[in-house]
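S.K.: Okay, here's the structure, questions in a sec.
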Amino acid sequence: MPRIAAVLGPTNTGKTHYALDRMLGHRTGLIGLPLRLLAREVYDRLVAARGPSVVALVTGEERIVPSRAAYWVCTVEAMPQGLGCDFVAVDEIQLCADPERGHVFTDRLLNMRGLHETLFMGSDTMRPAIARLVPEAQVIRRERFSDLTYTGAKKISRMPARSAIVGFSVDSVYAIAELLRRQKGGAAVVMGALSPRTRNAQVAMYQNGDVDYLVATDAIGMGLNLDIRHVAFSATSKFDGRRIRPLMPHELGQIAGRAGRYTQPGTFGTTGEAAPLDEGVIEAITEHRFKPIDRLMWRNDRLEFASLEALIASLEAPSDHEILTRGREADDLASLRTLSDLEGVRRRLTDGRDVRMLWDVCRIPDFQGISHSEHTNMLARIFDFLHGQGRVPEDWFARQVKRIDRTQGDIDTLSKRLAYVRTWTYVAQRKGWVENDAHWREATRAVEDRLSDALHDALTARFVDRRTSVLLRRLKMKEGLVAEIDKDGTVTVEGEALGRLEGFRFHQTGSTSPDEAKTVAQAAAAALRPELHLRADRFYNAPDTEMDFTEQGGLMWGSDAVGRIAKGDDPLKPGVVAFVDDDAGADVAEKVRRRLQHFVDRKIAAAFEPLVAMERDETLTGLARGFAFRLREAFGVLPRSEVAQEVRDLDQDARGSLRKHKVRFGQYTIFLPDLLKPAPTRLRLVLWSLWKGLDDFPEAPPPGLVTVPATQGMPGGYWAMAGYRAAGQRAIRIDMLERLADMIRGADTRAGFEATADMLSITGMTLEQFADLMQGLGYAAEKGERPKVRPVADAGDPSAPEVPDPPQEAPSQPSETPPAQPPELPDAPSETPEAPPMEAPPAEPPTETSQEAAPPIHEDGEAPVPPSETADEVAPTDETEVFYTFTWAPRRQGRGPRREEGGERSRGPKGKGKPKGKPRGPKSGGKDRGPRNFESKPRKSDKIDPDNPFAALAALKDK
């Protein structure tokens, strides 16, 4: 007698595995499964065990039937009748209670039998129903291999790895998957509407560990064997096609039971907006005790095809068994009713064959999920073709398939095309419906495969951050991550670009969420730690030539920023801050910091060597040592106006000891010429800005320029630190300003003088620019015009070559200053003997704020007459030239007015009588400037500037 058994129990009891072992023990076998996805999985297992030549796969959209097929794997709806197999099995038999599909499972329970053995696998809730309907069945109870426990609610951000989050709508599944991508690197997506190829690709991605999370519908409750450790419900109710209803405890248990495989324990809980589960529900799930099923869905399988009315009546016939009840109206019956109302369809129903054909057409599933009217219109068209032509026209069928054979589009578009192609795949599977049906089965299958691959790629691109998922997987492995670093610093791990390594700091690229950034940071820290140690060793042993500092105080190693200069306790002893990631470790950070400090210390020692030497000179004592300290504080450049009294207090010995260190006492600035070179100037500005606490460090002027535009808004003291003095619209280099002062010292600044070619040459200025400079230095500049003059010899000798026009200034006046240098732009001026002040001695030193300087005078006290005024040496021309006459006119602060002409006259340099010089009248072509005012020379009771080289001579004369 054939054996009938019901293998009942919770999930993870090995029921399906047991059934396959029993089937392979027979010569032939047939197994019905609830999902196309699960049928494909079982088919692959049997092919792996026995080979493809003896295993058949039959579903609504797929049919693989080899000639020697012995083992048939089918969906329950597609199980063929009358095969006469030795073994028959039906999985998930509890679906007999499903309102939509239950009548199909009930029919298999009542009518499908194997010649030698029949198995029904499912929940223990079916025990009473099977006992009543199939009393001869032997019930086999199987216990769960592992424990199942409830862990409560968890946020998705705290969801453990290898979790499945269950949603009950496409929108919910997509939203959860998107959230997991941002927070966990991604998730695989499994839904019943997916094609087997897409579903298998998504499951493989999860099973391989590419992602640690799975988002699914309740399809995973139907026998899918996955490595799931935790199941989280994002909702506890679903839309069943008519209304939103709470899930029954046995439905929750069927899904939660997917957690834990074989002996691995599993957990379940809730997440998102799902309400916590009741204690009774929790106990029922963990103890696998549910209310027995007492009603099975049923529909008459003995159909009458004599007429349309007879067919509908047989479909609506009631059951004579009390536990068998009619479920809701199925889609095929609803379509039949609709088509029966169409006059064009009714007219074609002439016999039972036509009625059977119409019923077969109505059983085409609504894969597309379109409206009922659209679906029935398509069914009517197909019935019209089959009734009128015997088959669906090939050209029309080809157009339908071609219209959807496109892999472009988003997830929703590709999903719709897959649903459409499933309809035509179903039609192609029906024998005799399409001419050349074998070709179209392959063609529709190929289209489905292409769309499935495109959908998998779209799902992966949208819901998986491959970089984060790869990094998370590798971080969990014991072996360390290995980073690859390109020449431009790009860091890649496992082929995924993480960011750029600049010096000893890693900068991420492409991170879109905090969780993703955290994962990338962890992976980068693990992968770069060995590289950072090696790089620190190379940096510590690198020569100083590979390092530099920026105008903002940054410290560079090649093109990478590795630190910055920090303010210290001493202007010339700053500290450093190393740019090293915390993940690199304290050893790396300290090694980098020490190397940077060595570089900065050596850079300062080399650039400010004169200051360092002066500081170490123990022979400097008293006021000289104090003045050396002032110079050090000022980085070797000190405006004279700021230390006027200290300069006057220095005796000749103190000055001499300072001059040994090349300290130059200029009229405007006291400085060390070597510190005006570009390198010390650049470093001085950085250290000065740092010491002043400036937020934005001003940059040094371009090297080699004698004058630069005097930019407004610079911090106070900037121009001195830059090695310049602002005067008018431009700033002049202080060493060139002192050379200019030496030239002016020989001119008559009281009566007025004109610029010489040497003056213009060393400044590199035009006459107009030079006039502005002189006004900025405290001189009055009076503009005039006069006829151009030429040498008499040139005018009287027609054969003589033409001499170019002279420059627009007076000829050079006799002076004791050395000849003017060509307008070279050296790094720093050469040391020259200190020039005497413009007045011997000056009444008071010039101040930078008022730009006041003592007017220069000659030793004899008279202004020489320029050679250009000697009539017998030049001849006037008809042309005119512009000239400026410069006189000393400082802005006076806190003094009385100048003495008017006729008042007390100052004594001449010989100490008696009136000064030999007298105000000159207007020059040829000029204007009468009127009487001039003269500032008297300081009385002898005033203290003589010891820096004046004529001080000794004046003292002798006084005696």
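Each chain in the structure tokens gets a letter, A, B and so on, in the order shown; residues start at 1 in every chain, and ligands are counted from 1 in the order they appear.
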If we count only C-alpha atoms, what is near segment 350-360 of chain A at a cut-off of 7 Å, once residues fewer than 3 positions away on the same chain are taken out, given as a PyMOL selection string?
M.R.: chain A and resi 305-308+336+363+383
S.K.: What's around Ile293 of chain A at 9 Å? Count only C-alpha atoms, leave out sequence neighbours fewer than 5 positions away in its own chain, and write the answer as a VMD selection string.
M.R.: chain A and resid 94 97 125 to 129
S.K.: Filtering to C-alpha atoms, could you give me those residues as a JSON list (two decimals), in the first residue's frame?
M.R.:
```
[["chain", "number", "residue", "atom", "x", "y", "z"],
["A", 94, "GLN", "CA", -0.40, 24.97, 5.50],
["A", 97, "ALA", "CA", -5.71, 28.08, 4.37],
["A", 125, "THR", "CA", -1.04, 23.60, 12.62],
["A", 126, "MET", "CA", -2.20, 21.32, 9.77],
["A", 127, "ARG", "CA", -2.25, 18.21, 11.96],
["A", 128, "PRO", "CA", -6.06, 18.20, 12.73],
["A", 129, "ALA", "CA", -7.05, 19.05, 9.12]]
```
S.K.: Between A:Val447, A:Leu226, A:Leu252, A:Leu20, which residue has the minimum interatomic distance to Phe290 of chain A, considering only C-alpha atoms?
M.R.: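 Closest to Phe290 of chain A of all the choices is A:Leu252.
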S.K.: Segment 37-173 of chain A: which residues are strand (DSSP E or B) by DSSP, as a PyMOL selection string?
M.R.: chain A and resi 55-58+63-64+71-75+87-90+117-122+138-141+148-153+163-166
S.K.: Write to file, as an mmCIF file, in the first residue's frame, the residues of the selection just made, with C-alpha atoms.
M.R.:
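Done, and the output landed in out-v2.cif:
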```cif
data_model
loop_
_atom_site.group_PDB
_atom_site.id
_atom_site.type_symbol
_atom_site.label_atom_id
_atom_site.label_comp_id
_atom_site.auth_asym_id
_atom_site.auth_seq_id
_atom_site.Cartn_x
_atom_site.Cartn_y
_atom_site.Cartn_z
ATOM 1 C CA VAL A 55 15.607 16.801 -13.752
ATOM 2 C CA ALA A 56 12.714 18.876 -15.084
ATOM 3 C CA LEU A 57 11.541 22.313 -14.000
ATOM 4 C CA VAL A 58 7.977 23.392 -14.687
ATOM 5 C CA ARG A 63 9.588 24.881 -18.610
ATOM 6 C CA ILE A 64 12.755 22.779 -18.751
ATOM 7 C CA TYR A 71 12.458 14.082 -11.249
ATOM 8 C CA TRP A 72 10.053 16.953 -11.639
ATOM 9 C CA VAL A 73 10.320 20.211 -9.695
ATOM 10 C CA CYS A 74 7.247 22.424 -10.057
ATOM 11 C CA THR A 75 5.271 25.183 -8.496
ATOM 12 C CA PHE A 87 7.114 9.762 -5.201
ATOM 13 C CA VAL A 88 5.024 12.939 -4.766
ATOM 14 C CA ALA A 89 5.605 15.733 -2.248
ATOM 15 C CA VAL A 90 3.886 19.058 -1.574
ATOM 16 C CA GLU A 117 5.085 7.378 -1.350
ATOM 17 C CA THR A 118 3.406 10.742 -0.744
ATOM 18 C CA LEU A 119 4.699 13.453 1.603
ATOM 19 C CA PHE A 120 3.088 16.656 2.799
ATOM 20 C CA MET A 121 5.463 19.093 4.535
ATOM 21 C CA GLY A 122 4.404 22.094 6.553
ATOM 22 C CA GLN A 138 1.161 9.111 9.088
ATOM 23 C CA VAL A 139 2.122 12.283 10.979
ATOM 24 C CA ILE A 140 5.837 12.773 11.591
ATOM 25 C CA ARG A 141 6.707 15.515 14.071
ATOM 26 C CA LEU A 148 14.596 30.943 18.603
ATOM 27 C CA THR A 149 14.477 33.869 21.033
ATOM 28 C CA TYR A 150 12.928 37.325 21.083
ATOM 29 C CA THR A 151 15.277 40.323 21.481
ATOM 30 C CA GLY A 152 12.823 43.222 21.381
ATOM 31 C CA ALA A 153 13.017 46.347 19.283
ATOM 32 C CA SER A 163 19.954 40.221 9.700
ATOM 33 C CA ALA A 164 16.836 40.177 7.560
ATOM 34 C CA ILE A 165 14.452 43.107 7.811
ATOM 35 C CA VAL A 166 10.949 42.240 6.639
#
```
S.K.: Restricting the calculation to only C-alpha atoms: of A:Arg535, A:Ala201, A:Ala193, A:Pro574, which residue gets closest to Tyr420 of chain A?
M.R.: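 Ranked by minimum distance to Tyr420 of chain A, first place goes to A:Ala193.
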S.K.: Residues within 7 Å of Lys567 of chain A, please, as a VMD selection string. Count only C-alpha atoms; anything in the same chain fewer than 2 positions from it doesn't count.
M.R.: chain A and resid 565 574 to 575 690 to 691
S.K.: Taking N, CA and C atoms for each residue, export the selection above as a PDB file, in the first residue's frame.
M.R.:
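Wrote selection.pdb, looks like this:
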```
ATOM      1  N   ILE A 565      54.103  76.191  11.912  1.00  0.00           N
ATOM      2  CA  ILE A 565      54.895  76.827  12.955  1.00  0.00           C
ATOM      3  C   ILE A 565      53.939  77.411  13.997  1.00  0.00           C
ATOM      4  N   PRO A 574      60.171  79.502  17.985  1.00  0.00           N
ATOM      5  CA  PRO A 574      58.786  79.027  17.908  1.00  0.00           C
ATOM      6  C   PRO A 574      58.708  77.519  18.079  1.00  0.00           C
ATOM      7  N   GLY A 575      57.507  77.039  18.278  1.00  0.00           N
ATOM      8  CA  GLY A 575      57.260  75.603  18.315  1.00  0.00           C
ATOM      9  C   GLY A 575      56.683  75.141  16.991  1.00  0.00           C
ATOM     10  N   LEU A 690      53.411  85.604  13.407  1.00  0.00           N
ATOM     11  CA  LEU A 690      53.065  84.624  14.436  1.00  0.00           C
ATOM     12  C   LEU A 690      53.151  85.258  15.824  1.00  0.00           C
ATOM     13  N   TRP A 691      54.198  86.015  16.058  1.00  0.00           N
ATOM     14  CA  TRP A 691      54.389  86.647  17.364  1.00  0.00           C
ATOM     15  C   TRP A 691      53.321  87.699  17.647  1.00  0.00           C
TER      16      TRP A 691
END
```
S.K.: Determine, counting only C-alpha atoms, which protein, DNA and RNA residues have an atom within 12 Å of an atom of Val643 of chain A; residues of the same chain fewer than 2 positions away are not included. Present the result as a PyMOL selection string.
M.R.: chain A and resi 626-628+630-631+634+637-641+645-650+665+667-670+844-848
S.K.: What is the distance between atom CA of Leu35 of chain A and atom CA of Ser452 of chain A, in Å to one decimal?
M.R.: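 Those two atoms sit 17.2 Å apart.
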S.K.: Mind checking DSSP for segment 4-62 of chain A and telling me the helix (DSSP H, G or I) residues as a PyMOL selection string?
M.R.: chain A and resi 15-24+36-50+52-54
S.K.: Can those selected residues be exported to a file as a PDB file, in the first residue's frame so that it contains N, CA and C atoms?
M.R.:
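Result written to selection.pdb:
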```pdb
ATOM      1  N   LYS A  15      12.630  19.724   6.888  1.00  0.00           N
ATOM      2  CA  LYS A  15      11.555  18.993   6.209  1.00  0.00           C
ATOM      3  C   LYS A  15      11.793  18.881   4.704  1.00  0.00           C
ATOM      4  N   THR A  16      12.166  19.976   4.076  1.00  0.00           N
ATOM      5  CA  THR A  16      12.399  19.949   2.621  1.00  0.00           C
ATOM      6  C   THR A  16      13.590  19.062   2.295  1.00  0.00           C
ATOM      7  N   HIS A  17      14.639  19.140   3.096  1.00  0.00           N
ATOM      8  CA  HIS A  17      15.815  18.293   2.875  1.00  0.00           C
ATOM      9  C   HIS A  17      15.438  16.805   3.001  1.00  0.00           C
ATOM     10  N   TYR A  18      14.581  16.518   3.968  1.00  0.00           N
ATOM     11  CA  TYR A  18      14.121  15.135   4.161  1.00  0.00           C
ATOM     12  C   TYR A  18      13.331  14.664   2.943  1.00  0.00           C
ATOM     13  N   ALA A  19      12.473  15.538   2.405  1.00  0.00           N
ATOM     14  CA  ALA A  19      11.659  15.158   1.251  1.00  0.00           C
ATOM     15  C   ALA A  19      12.525  14.897   0.018  1.00  0.00           C
ATOM     16  N   LEU A  20      13.553  15.696  -0.211  1.00  0.00           N
ATOM     17  CA  LEU A  20      14.423  15.502  -1.374  1.00  0.00           C
ATOM     18  C   LEU A  20      15.200  14.194  -1.253  1.00  0.00           C
ATOM     19  N   ASP A  21      15.650  13.887  -0.045  1.00  0.00           N
ATOM     20  CA  ASP A  21      16.339  12.606   0.146  1.00  0.00           C
ATOM     21  C   ASP A  21      15.401  11.434  -0.168  1.00  0.00           C
ATOM     22  N   ARG A  22      14.154  11.534   0.281  1.00  0.00           N
ATOM     23  CA  ARG A  22      13.187  10.458   0.014  1.00  0.00           C
ATOM     24  C   ARG A  22      12.891  10.353  -1.485  1.00  0.00           C
ATOM     25  N   MET A  23      12.795  11.520  -2.180  1.00  0.00           N
ATOM     26  CA  MET A  23      12.488  11.497  -3.603  1.00  0.00           C
ATOM     27  C   MET A  23      13.604  10.844  -4.396  1.00  0.00           C
ATOM     28  N   LEU A  24      14.862  11.194  -4.057  1.00  0.00           N
ATOM     29  CA  LEU A  24      15.989  10.609  -4.780  1.00  0.00           C
ATOM     30  C   LEU A  24      16.137   9.117  -4.493  1.00  0.00           C
ATOM     31  N   ARG A  36       8.036  30.133  -7.216  1.00  0.00           N
ATOM     32  CA  ARG A  36       8.923  29.899  -8.343  1.00  0.00           C
ATOM     33  C   ARG A  36      10.384  30.000  -7.909  1.00  0.00           C
ATOM     34  N   LEU A  37      10.662  30.914  -6.972  1.00  0.00           N
ATOM     35  CA  LEU A  37      12.028  31.074  -6.483  1.00  0.00           C
ATOM     36  C   LEU A  37      12.515  29.804  -5.801  1.00  0.00           C
ATOM     37  N   LEU A  38      11.665  29.255  -4.928  1.00  0.00           N
ATOM     38  CA  LEU A  38      12.046  28.051  -4.210  1.00  0.00           C
ATOM     39  C   LEU A  38      12.148  26.858  -5.157  1.00  0.00           C
ATOM     40  N   ALA A  39      11.281  26.810  -6.168  1.00  0.00           N
ATOM     41  CA  ALA A  39      11.356  25.724  -7.149  1.00  0.00           C
ATOM     42  C   ALA A  39      12.689  25.763  -7.882  1.00  0.00           C
ATOM     43  N   ARG A  40      13.138  26.948  -8.229  1.00  0.00           N
ATOM     44  CA  ARG A  40      14.426  27.056  -8.917  1.00  0.00           C
ATOM     45  C   ARG A  40      15.566  26.624  -8.000  1.00  0.00           C
ATOM     46  N   GLU A  41      15.487  26.948  -6.722  1.00  0.00           N
ATOM     47  CA  GLU A  41      16.534  26.553  -5.787  1.00  0.00           C
ATOM     48  C   GLU A  41      16.601  25.034  -5.654  1.00  0.00           C
ATOM     49  N   VAL A  42      15.439  24.380  -5.525  1.00  0.00           N
ATOM     50  CA  VAL A  42      15.411  22.920  -5.414  1.00  0.00           C
ATOM     51  C   VAL A  42      15.875  22.280  -6.722  1.00  0.00           C
ATOM     52  N   TYR A  43      15.470  22.843  -7.834  1.00  0.00           N
ATOM     53  CA  TYR A  43      15.905  22.315  -9.139  1.00  0.00           C
ATOM     54  C   TYR A  43      17.437  22.328  -9.231  1.00  0.00           C
ATOM     55  N   ASP A  44      18.048  23.419  -8.829  1.00  0.00           N
ATOM     56  CA  ASP A  44      19.516  23.505  -8.885  1.00  0.00           C
ATOM     57  C   ASP A  44      20.162  22.458  -7.981  1.00  0.00           C
ATOM     58  N   ARG A  45      19.561  22.198  -6.830  1.00  0.00           N
ATOM     59  CA  ARG A  45      20.121  21.182  -5.933  1.00  0.00           C
ATOM     60  C   ARG A  45      20.036  19.791  -6.549  1.00  0.00           C
ATOM     61  N   LEU A  46      18.911  19.492  -7.186  1.00  0.00           N
ATOM     62  CA  LEU A  46      18.768  18.173  -7.804  1.00  0.00           C
ATOM     63  C   LEU A  46      19.656  18.014  -9.020  1.00  0.00           C
ATOM     64  N   VAL A  47      19.818  19.079  -9.785  1.00  0.00           N
ATOM     65  CA  VAL A  47      20.730  19.026 -10.935  1.00  0.00           C
ATOM     66  C   VAL A  47      22.144  18.762 -10.451  1.00  0.00           C
ATOM     67  N   ALA A  48      22.523  19.417  -9.347  1.00  0.00           N
ATOM     68  CA  ALA A  48      23.860  19.182  -8.807  1.00  0.00           C
ATOM     69  C   ALA A  48      24.023  17.744  -8.341  1.00  0.00           C
ATOM     70  N   ALA A  49      22.924  17.113  -7.876  1.00  0.00           N
ATOM     71  CA  ALA A  49      23.005  15.747  -7.368  1.00  0.00           C
ATOM     72  C   ALA A  49      22.908  14.692  -8.469  1.00  0.00           C
ATOM     73  N   ARG A  50      22.030  14.920  -9.494  1.00  0.00           N
ATOM     74  CA  ARG A  50      21.783  13.873 -10.498  1.00  0.00           C
ATOM     75  C   ARG A  50      22.082  14.316 -11.938  1.00  0.00           C
ATOM     76  N   PRO A  52      21.531  17.498 -15.172  1.00  0.00           N
ATOM     77  CA  PRO A  52      20.382  18.167 -15.806  1.00  0.00           C
ATOM     78  C   PRO A  52      19.576  17.272 -16.735  1.00  0.00           C
ATOM     79  N   SER A  53      20.102  16.143 -17.118  1.00  0.00           N
ATOM     80  CA  SER A  53      19.392  15.313 -18.100  1.00  0.00           C
ATOM     81  C   SER A  53      18.191  14.589 -17.515  1.00  0.00           C
ATOM     82  N   VAL A  54      18.103  14.503 -16.183  1.00  0.00           N
ATOM     83  CA  VAL A  54      17.006  13.745 -15.580  1.00  0.00           C
ATOM     84  C   VAL A  54      16.126  14.595 -14.680  1.00  0.00           C
TER      85      VAL A  54
END
```
S.K.: Calculated over only C-alpha atoms, which of the candidates A:Arg299, A:Thr28, A:Leu683, A:Gly666 has the smallest distance to Ala741 of chain A?
M.R.: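 The shortest atom-to-atom distance to Ala741 of chain A comes from A:Gly666.
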S.K.: Using Å and a single decimal, report how far atom CA of Leu620 of chain A sits from atom CA of Ser657 of chain A.
M.R.: 6.8 Å
S.K.: When distances are computed from only C-alpha atoms, which of A:Leu455, A:Gly32, A:Pro276, A:Gly713 shows the smallest separation from Val190 of chain A?
M.R.: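 Between A:Leu455, A:Gly32, A:Pro276, A:Gly713, the residue approaching Val190 of chain A most closely is A:Leu455.
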S.K.: Ranking A:Arg529, A:Arg739, A:Arg132, A:Arg199 by minimum distance to Asp294 of chain A and counting only C-alpha atoms, which one comes first?
M.R.: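 Result for the nearest residue to Asp294 of chain A: A:Arg132.
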S.K.: Report, in Å with one decimal, the straight-line distance from atom CA of Ala624 of chain A to atom CA of Arg655 of chain A.
M.R.: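 Going from atom CA of Ala624 of chain A over to atom CA of Arg655 of chain A, I get 7.2 Å.
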S.K.: Which segment 719-770 of chain A residues have any atom within 9 Å of an atom of segment 676-682 of chain A, and for each, what is the nearest pair of atoms with distance in Å to one decimal, counting only C-alpha atoms, rows sorted by chain and number, as a Markdown table?
M.R.:
```
| residue | atom | partner | partner_atom | distance |
| --- | --- | --- | --- | --- |
| A:Met721 | CA | A:Thr681 | CA | 7.1 |
| A:Ala722 | CA | A:Thr681 | CA | 6.0 |
| A:Gly723 | CA | A:Leu676 | CA | 5.9 |
| A:Arg733 | CA | A:Leu676 | CA | 8.9 |
| A:Ile734 | CA | A:Leu676 | CA | 8.7 |
| A:Asp735 | CA | A:Leu676 | CA | 8.3 |
```
S.K.: Set out as CSV a contact list for segment 64-169 of chain A and segment 326-332 of chain A with a cut-off of 10 Å, giving each residue of segment 64-169 of chain A that qualifies its closest atom pair and distance in Å to one decimal, counting only C-alpha atoms, ordered by chain and rising residue number.
M.R.:
```
residue,atom,partner,partner_atom,distance
A:Ala97,CA,A:Gly327,CA,8.8
A:Asp98,CA,A:Gly327,CA,8.2
A:Pro99,CA,A:Gly327,CA,5.2
A:Glu100,CA,A:Ala330,CA,6.2
A:Arg101,CA,A:Ala330,CA,8.1
A:Gly102,CA,A:Gly327,CA,7.6
A:His103,CA,A:Gly327,CA,7.4
```
S.K.: Counting only C-alpha atoms, which residue out of A:Pro196, A:Pro514, A:Gly269, A:Pro34 sits closest to Met159 of chain A?
M.R.: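 Selected residue with least distance to Met159 of chain A: A:Gly269.
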